[in-house]
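What follows is coords20.cif (mmCIF, C-alpha atoms, pLDDT in the B column; chains and numbers go by the auth columns).
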data_entry
loop_
_atom_site.group_PDB
_atom_site.id
_atom_site.type_symbol
_atom_site.label_atom_id
_atom_site.label_comp_id
_atom_site.label_asym_id
_atom_site.label_seq_id
_atom_site.Cartn_x
_atom_site.Cartn_y
_atom_site.Cartn_z
_atom_site.B_iso_or_equiv
_atom_site.auth_seq_id
_atom_site.auth_asym_id
ATOM 1 C CA MET A 1 0.000 0.000 0.000 52.00 69 A
ATOM 2 C CA ASN A 2 1.480 3.300 -1.071 55.00 70 A
ATOM 3 C CA THR A 3 0.389 6.160 1.133 58.00 71 A
ATOM 4 C CA ALA A 4 1.206 9.595 -0.208 62.00 72 A
ATOM 5 C CA PHE A 5 0.676 12.654 1.885 62.00 73 A
ATOM 6 C CA SER A 6 1.734 16.252 1.669 65.00 74 A
ATOM 7 C CA LEU A 7 3.570 18.276 4.262 60.00 75 A
ATOM 8 C CA ALA A 8 2.434 21.523 2.654 62.00 76 A
ATOM 9 C CA PRO A 9 0.028 22.461 5.503 64.00 77 A
ATOM 10 C CA LEU A 10 2.954 22.492 7.919 59.00 78 A
ATOM 11 C CA PHE A 11 4.782 25.095 5.846 55.00 79 A
ATOM 12 C CA ARG A 12 1.941 27.526 5.074 57.00 80 A
ATOM 13 C CA SER A 13 2.737 29.796 7.996 54.00 81 A
ATOM 14 C CA SER A 14 6.520 29.515 7.841 52.00 82 A
ATOM 15 C CA ILE A 15 9.102 31.439 5.911 51.00 83 A
ATOM 16 C CA GLY A 16 12.473 30.107 4.855 53.00 84 A
ATOM 17 C CA PHE A 17 11.916 26.460 5.799 57.00 85 A
ATOM 18 C CA ASP A 18 11.887 25.070 2.269 57.00 86 A
ATOM 19 C CA ARG A 19 14.889 22.860 3.037 58.00 87 A
ATOM 20 C CA PHE A 20 12.956 21.079 5.786 59.00 88 A
ATOM 21 C CA ASN A 21 10.279 20.032 3.314 60.00 89 A
ATOM 22 C CA ASP A 22 12.978 18.534 1.083 62.00 90 A
ATOM 23 C CA LEU A 23 14.600 16.894 4.111 61.00 91 A
ATOM 24 C CA PHE A 24 11.333 15.239 5.198 63.00 92 A
ATOM 25 C CA GLU A 25 10.571 14.007 1.703 63.00 93 A
ATOM 26 C CA THR A 26 14.082 12.554 1.385 62.00 94 A
ATOM 27 C CA ALA A 27 13.753 10.835 4.753 61.00 95 A
ATOM 28 C CA LEU A 28 10.435 9.284 3.771 62.00 96 A
ATOM 29 C CA ARG A 29 11.889 7.887 0.540 61.00 97 A
ATOM 30 C CA ALA A 30 15.152 6.620 2.020 59.00 98 A
ATOM 31 C CA GLU A 31 15.535 3.051 3.119 58.00 99 A
ATOM 32 C CA PRO A 32 16.862 2.514 6.625 61.00 100 A
ATOM 33 C CA THR A 33 20.531 1.654 6.758 58.00 101 A
ATOM 34 C CA ALA A 34 21.264 -1.534 8.650 70.00 102 A
ATOM 35 C CA TYR A 35 25.044 -1.670 8.223 84.00 103 A
ATOM 36 C CA PRO A 36 27.033 -0.672 10.090 90.00 104 A
ATOM 37 C CA PRO A 37 25.009 -0.034 13.234 91.00 105 A
ATOM 38 C CA TYR A 38 25.400 3.461 14.690 91.00 106 A
ATOM 39 C CA ASN A 39 24.154 5.728 17.463 91.00 107 A
ATOM 40 C CA VAL A 40 23.518 9.464 17.426 91.00 108 A
ATOM 41 C CA GLU A 41 24.076 10.892 20.908 91.00 109 A
ATOM 42 C CA LYS A 42 23.341 14.291 22.411 92.00 110 A
ATOM 43 C CA HIS A 43 25.753 15.140 25.232 93.00 111 A
ATOM 44 C CA SER A 44 24.657 18.745 25.905 90.00 112 A
ATOM 45 C CA ALA A 45 22.658 21.488 24.250 87.00 113 A
ATOM 46 C CA ASP A 46 25.413 22.028 21.661 88.00 114 A
ATOM 47 C CA ASP A 47 27.482 18.803 21.692 92.00 115 A
ATOM 48 C CA TYR A 48 26.631 15.699 19.676 94.00 116 A
ATOM 49 C CA ARG A 49 28.406 12.453 18.802 94.00 117 A
ATOM 50 C CA ILE A 50 27.904 9.841 16.113 94.00 118 A
ATOM 51 C CA VAL A 51 29.194 6.407 17.164 95.00 119 A
ATOM 52 C CA ILE A 52 29.652 3.817 14.406 94.00 120 A
ATOM 53 C CA ALA A 53 30.480 0.145 14.968 92.00 121 A
ATOM 54 C CA ALA A 54 33.618 -0.336 12.876 90.00 122 A
ATOM 55 C CA ALA A 55 34.709 -3.798 13.964 85.00 123 A
ATOM 56 C CA GLY A 56 37.939 -4.941 12.376 83.00 124 A
ATOM 57 C CA LEU A 57 38.611 -1.630 10.620 87.00 125 A
ATOM 58 C CA GLN A 58 41.608 0.604 11.135 89.00 126 A
ATOM 59 C CA ASP A 59 41.779 4.367 10.721 87.00 127 A
ATOM 60 C CA GLY A 60 43.216 3.917 7.209 90.00 128 A
ATOM 61 C CA ASP A 61 40.107 1.962 6.221 91.00 129 A
ATOM 62 C CA LEU A 62 37.796 4.874 7.053 93.00 130 A
ATOM 63 C CA ASP A 63 37.177 8.203 5.331 95.00 131 A
ATOM 64 C CA ILE A 64 35.197 11.161 6.723 95.00 132 A
ATOM 65 C CA GLN A 65 34.175 14.099 4.525 95.00 133 A
ATOM 66 C CA VAL A 66 31.859 17.089 4.841 93.00 134 A
ATOM 67 C CA GLU A 67 30.476 18.704 1.715 92.00 135 A
ATOM 68 C CA ARG A 68 27.537 21.132 1.546 88.00 136 A
ATOM 69 C CA ASP A 69 26.318 20.305 5.057 87.00 137 A
ATOM 70 C CA VAL A 70 26.376 16.557 4.425 89.00 138 A
ATOM 71 C CA LEU A 71 28.688 14.395 6.543 92.00 139 A
ATOM 72 C CA THR A 72 29.704 11.252 4.651 93.00 140 A
ATOM 73 C CA ILE A 73 31.526 8.382 6.332 94.00 141 A
ATOM 74 C CA THR A 74 32.813 5.581 4.119 93.00 142 A
ATOM 75 C CA GLY A 75 34.686 2.497 5.123 91.00 143 A
ATOM 76 C CA GLY A 76 35.713 -0.958 4.148 83.00 144 A
ATOM 77 C CA ARG A 77 38.624 -3.327 4.358 73.00 145 A
ATOM 78 C CA ARG A 78 41.247 -2.051 1.902 63.00 146 A
ATOM 79 C CA GLU A 79 43.871 -4.775 2.301 62.00 147 A
ATOM 80 C CA LYS A 80 43.204 -8.440 1.870 63.00 148 A
ATOM 81 C CA SER A 81 45.033 -10.786 4.188 58.00 149 A
ATOM 82 C CA ALA A 82 47.957 -12.521 2.524 57.00 150 A
ATOM 83 C CA GLU A 83 47.205 -15.760 4.300 67.00 151 A
ATOM 84 C CA SER A 84 44.357 -17.882 3.073 80.00 152 A
ATOM 85 C CA VAL A 85 41.846 -18.421 5.826 80.00 153 A
ATOM 86 C CA GLN A 86 38.968 -20.841 5.740 84.00 154 A
ATOM 87 C CA TYR A 87 36.128 -19.481 7.858 82.00 155 A
ATOM 88 C CA LEU A 88 33.930 -21.996 9.643 89.00 156 A
ATOM 89 C CA HIS A 89 31.709 -19.072 10.666 88.00 157 A
ATOM 90 C CA GLN A 90 32.195 -15.456 9.645 80.00 158 A
ATOM 91 C CA GLY A 91 30.024 -13.193 11.752 81.00 159 A
ATOM 92 C CA ILE A 92 32.143 -10.039 11.617 76.00 160 A
ATOM 93 C CA ALA A 93 31.080 -8.183 8.523 72.00 161 A
ATOM 94 C CA GLN A 94 33.885 -6.343 6.819 74.00 162 A
ATOM 95 C CA ARG A 95 32.051 -5.118 3.776 83.00 163 A
ATOM 96 C CA ALA A 96 32.258 -1.608 2.433 89.00 164 A
ATOM 97 C CA PHE A 97 29.746 0.956 3.668 91.00 165 A
ATOM 98 C CA LYS A 98 28.729 4.561 3.162 92.00 166 A
ATOM 99 C CA LEU A 99 26.712 6.546 5.704 91.00 167 A
ATOM 100 C CA SER A 100 25.479 10.081 5.092 90.00 168 A
ATOM 101 C CA PHE A 101 24.136 12.531 7.660 90.00 169 A
ATOM 102 C CA ARG A 102 22.637 15.914 6.797 88.00 170 A
ATOM 103 C CA LEU A 103 23.975 18.474 9.245 89.00 171 A
ATOM 104 C CA ALA A 104 21.836 21.316 10.548 87.00 172 A
ATOM 105 C CA ASP A 105 22.981 24.905 10.212 86.00 173 A
ATOM 106 C CA HIS A 106 26.016 25.877 12.317 87.00 174 A
ATOM 107 C CA ILE A 107 27.026 22.254 13.078 90.00 175 A
ATOM 108 C CA GLU A 108 30.785 21.705 12.855 91.00 176 A
ATOM 109 C CA ILE A 109 32.959 18.600 13.160 93.00 177 A
ATOM 110 C CA LYS A 110 35.127 18.782 16.296 94.00 178 A
ATOM 111 C CA GLY A 111 37.065 15.607 15.617 94.00 179 A
ATOM 112 C CA ALA A 112 36.975 11.852 15.180 96.00 180 A
ATOM 113 C CA SER A 113 38.575 8.930 16.982 96.00 181 A
ATOM 114 C CA LEU A 114 38.630 5.167 16.615 95.00 182 A
ATOM 115 C CA GLN A 115 38.674 3.273 19.925 94.00 183 A
ATOM 116 C CA ASN A 116 37.746 -0.320 20.737 92.00 184 A
ATOM 117 C CA GLY A 117 36.144 -0.868 17.321 90.00 185 A
ATOM 118 C CA LEU A 118 33.936 2.228 17.604 94.00 186 A
ATOM 119 C CA LEU A 119 34.339 5.291 15.394 95.00 187 A
ATOM 120 C CA ASN A 120 33.374 8.433 17.342 96.00 188 A
ATOM 121 C CA VAL A 121 32.641 11.592 15.358 95.00 189 A
ATOM 122 C CA ASP A 122 32.198 14.603 17.654 95.00 190 A
ATOM 123 C CA LEU A 123 30.035 17.500 16.511 93.00 191 A
ATOM 124 C CA VAL A 124 29.403 20.921 18.006 92.00 192 A
ATOM 125 C CA ARG A 125 26.838 23.610 17.226 89.00 193 A
ATOM 126 C CA ARG A 126 28.376 27.083 17.081 89.00 194 A
ATOM 127 C CA VAL A 127 25.784 29.743 16.360 84.00 195 A
ATOM 128 C CA PRO A 128 27.329 33.090 15.349 85.00 196 A
ATOM 129 C CA GLU A 129 26.171 36.195 17.198 83.00 197 A
ATOM 130 C CA GLU A 130 24.350 37.570 14.141 83.00 198 A
ATOM 131 C CA ALA A 131 22.266 34.388 13.922 79.00 199 A
ATOM 132 C CA LYS A 132 21.231 34.322 17.585 80.00 200 A
ATOM 133 C CA PRO A 133 17.787 35.607 18.584 84.00 201 A
ATOM 134 C CA ARG A 134 17.603 39.302 19.336 84.00 202 A
ATOM 135 C CA ARG A 135 14.926 41.542 20.737 87.00 203 A
ATOM 136 C CA VAL A 136 13.289 44.093 18.462 87.00 204 A
ATOM 137 C CA ALA A 137 12.249 47.364 20.104 88.00 205 A
ATOM 138 C CA ILE A 138 8.693 48.563 19.557 89.00 206 A
ATOM 139 C CA ASN A 139 8.163 52.268 18.946 88.00 207 A
ATOM 140 C CA THR A 140 5.496 53.469 21.402 83.00 208 A
ATOM 141 C CA GLU A 141 4.921 57.098 20.454 76.00 209 A
ATOM 142 C CA ALA A 142 1.764 58.534 22.023 62.00 210 A
ATOM 143 C CA THR A 143 0.747 60.457 18.942 53.00 211 A
ATOM 144 C CA ALA A 144 1.105 58.875 15.590 55.00 212 A
ATOM 145 C CA PRO A 145 1.803 61.257 12.696 57.00 213 A
ATOM 146 C CA ARG A 146 -1.389 62.284 10.920 56.00 214 A
ATOM 147 C CA ALA A 147 -1.873 62.772 7.245 57.00 215 A
ATOM 148 C CA ASN A 148 -2.309 66.361 6.064 59.00 216 A
ATOM 149 C CA VAL A 149 -5.995 67.173 5.915 57.00 217 A
ATOM 150 C CA VAL A 150 -7.066 69.849 3.473 59.00 218 A
ATOM 151 C CA THR A 151 -10.171 71.860 4.359 59.00 219 A
ATOM 152 C CA LEU A 152 -11.886 74.090 1.887 60.00 220 A
ATOM 153 C CA ASP A 153 -12.991 77.508 2.987 60.00 221 A
ATOM 154 C CA LYS A 154 -16.425 78.500 1.758 58.00 222 A
ATOM 155 C CA GLU A 155 -15.167 82.014 1.123 57.00 223 A
ATOM 156 C CA ALA A 156 -12.177 80.841 -0.935 54.00 224 A
ATOM 157 C CA ALA A 157 -14.437 78.764 -3.144 49.00 225 A
#

For the structure just supplied, provide its representation as structure tokens.
Amino acid sequence: MNTAFSLAPLFRSSIGFDRFNDLFETALRAEPTAYPPYNVEKHSADDYRIVIAAAGLQDGDLDIQVERDVLTITGGRREKSAESVQYLHQGIAQRAFKLSFRLADHIEIKGASLQNGLLNVDLVRRVPEEAKPRRVAINTEATAPRANVVTLDKEAA
């Protein structure tokens, strides 16, 4: 069953949120990624971390790039083992993968580390002063300027 619905009613009273409509539509079309498993963690109001299970991979097997507010993490075993191994059971997947995350405005990559088979990508939100909310003063003059009213004198007519 294909259910199509529009998010247009959500955006009728908003200005400048066109990207969110595209983001929601992309999310609805995308298939969930099962490999590799990952977590997205929020550590404080402005600090985030993406943790990816990268079992058996080394830092040279992973690549992290940011382009146009999209964080892309690719990985896969680059070197084959010289020794021939016959697996009786192979449960550790070492296939290539590509994960993409759309970053919100003002999100920057702080760094990345690989520890105990987990790739940690640290993110921070740094909002510039000009983008922070500011109060707008309201002019409260007691008398508003009036338009010039022309009156005709009966004698001048």

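In this structure, CA of Ile118 (chain A) sits 25.3 Å away from CA of Ala199 (chain A).
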
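The interatomic distance for the pair CA of Ala113 (chain A) and CA of Leu187 (chain A) works out to 21.8 Å.
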
Selected by the PyMOL selection byres ((chain A and resi 173-181) around 7) in the shown coordinates: which residues, as an mmCIF file with C-alpha atoms, in the frame of the given file?
data_model
loop_
_atom_site.group_PDB
_atom_site.id
_atom_site.type_symbol
_atom_site.label_atom_id
_atom_site.label_comp_id
_atom_site.auth_asym_id
_atom_site.auth_seq_id
_atom_site.Cartn_x
_atom_site.Cartn_y
_atom_site.Cartn_z
ATOM 1 C CA LEU A 171 23.975 18.474 9.245
ATOM 2 C CA ALA A 172 21.836 21.316 10.548
ATOM 3 C CA LEU A 182 38.630 5.167 16.615
ATOM 4 C CA GLN A 183 38.674 3.273 19.925
ATOM 5 C CA LEU A 187 34.339 5.291 15.394
ATOM 6 C CA ASN A 188 33.374 8.433 17.342
ATOM 7 C CA VAL A 189 32.641 11.592 15.358
ATOM 8 C CA ASP A 190 32.198 14.603 17.654
ATOM 9 C CA LEU A 191 30.035 17.500 16.511
ATOM 10 C CA VAL A 192 29.403 20.921 18.006
ATOM 11 C CA ARG A 193 26.838 23.610 17.226
ATOM 12 C CA ARG A 194 28.376 27.083 17.081
ATOM 13 C CA VAL A 195 25.784 29.743 16.360
#

Let me have the centre and edge lengths of the axis-aligned box enclosing all listed atoms of region 173-186 of chain A with 6 Å padding on every side, in Å to one decimal, as lines of an AutoDock Vina configuration file.
center_x = 30.8
center_y = 12.5
center_z = 15.5
size_x = 27.7
size_y = 38.7
size_z = 22.5

Which residues come within 8 Å of region 104-111 of chain A, counting only C-alpha atoms, excluding same-chain residues fewer than 5 positions away, as a ChimeraX atom specification?
-> /A:116-122,165

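Residue neighbourhood of Ile141 (chain A), excluding near-sequence residues (fewer than 6 positions): Leu130, Asp131, Ile132, Gln133, Lys166, Leu167 and Ser168 of chain A, at 8 Å, using all atoms listed in the file.
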
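What separates CA of Asp115 (chain A) from CA of Tyr103 (chain A) is a distance of 24.6 Å.
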
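Residue nearest Phe169 (chain A), chosen from A:Arg136, A:Ser152, A:Lys200, A:Asn184 and counting only C-alpha atoms: A:Arg136.
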
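Distances here use only C-alpha atoms; by that measure, the residue among A:Glu197, A:Ala102, A:Thr208, A:Asp137 closest to Ala161 (chain A) is A:Ala102.
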
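The closest residue to Gln126 (chain A), picked from A:Gln162, A:Gln154, A:Ser112, A:Thr140 and counting all atoms listed in the file, is A:Gln162.
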
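Between Gly128 (chain A) and the candidates A:Gly144, A:Arg170, A:Asp114, A:Ala164, the tightest atom-to-atom separation, counting only C-alpha atoms, involves A:Gly144.
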